[in-house]
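First up is the structure itself, then whatever we jot down about it.
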Amino acid sequence: MAAMTENETQPKKRNGFDAELKRRLVDHLDMLKRPNDVVRVTQITNHHFRVNTMSLVRAPDAVVPIYQITKSQFLHVDNKTGELVINDQTRLR
């Protein structure tokens with residue numbers, strides 16, 4: 001069986017999407033979140049992401065931790081000359 005090598009110049013693909021861009025966005029959002037928050041990033045297209053920020057809700061009789069979405073965003077992210085360019089495309093009502 002022949003060994004496969006991956007070309008280092010091409011970005012890694014996951015489900016047809018650019019995994020490197022998502023990783024950089026997750027790292028950026030991780031620096032901005034509060035300590036007990038959870039940020040979930042879902043990649044919709046190569047440059048569009050849905051980001052949900054969830055905070056822990058303390059219920060007096062809860063057995064398991066319960067998280068509530070406190071912020072939901074749709075972001076368009078580009079990698080321009082090594083910098084992330086993030087545009088919030090969330091519709092406000």
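Residues are referred to by chain and number: the chain letter is A, B, ... according to the order shown in the structure tokens, the number counts from 1 in that chain, and ligands are numbered separately from 1 in the order shown.
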
* If you run DSSP on this backbone, which residues of chain A come out as strand (DSSP E or B), and could you give them as a PyMOL selection string? -> chain A and resi 13-14+17-18+38-43+48-57+66-80+83-88

I'd like a table as a Markdown table: residues in range 14-58 of chain A with an atom no more than 6 Å from range 63-74 of chain A, each row giving the shortest atom pair and its distance in Å to one decimal, only C-alpha atoms counted, sorted by chain and rising residue number.
| residue | atom | partner | partner_atom | distance |
| --- | --- | --- | --- | --- |
| A:Phe49 | CA | A:Phe74 | CA | 5.7 |
| A:Arg50 | CA | A:Phe74 | CA | 4.6 |
| A:Val51 | CA | A:Gln73 | CA | 5.1 |
| A:Asn52 | CA | A:Ser72 | CA | 4.5 |
| A:Thr53 | CA | A:Lys71 | CA | 5.0 |
| A:Met54 | CA | A:Ile69 | CA | 4.2 |
| A:Ser55 | CA | A:Tyr67 | CA | 5.3 |
| A:Leu56 | CA | A:Tyr67 | CA | 4.5 |
| A:Val57 | CA | A:Ile66 | CA | 5.5 |

* Quick one: residues within 12 Å of Leu25 in chain A, only C-alpha atoms counted, chain neighbours fewer than 6 positions away excluded, as a PyMOL selection string? -> chain A and resi 18-19+31-32+39-43+47-51+75-79+83-87

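One finds CA of Pro35 in chain A at 24.2 Å from CA of Glu20 in chain A.
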
* Could you pull out the helix (DSSP H, G or I) residues of chain A from DSSP and send them as a list of chain:residue names? -> A:Ala19, A:Glu20, A:Leu21, A:Lys22, A:Arg23, A:Arg24, A:Leu25, A:Val26, A:Asp27, A:His28, A:Leu29, A:Asp30, A:Met31, A:Leu32

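The gap separating CA of Arg23 in chain A from CA of Lys80 in chain A is 15.6 Å, in Å to one decimal.
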
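For the pair CA of Arg34 in chain A and CA of Asp61 in chain A, the separation is 24.6 Å.
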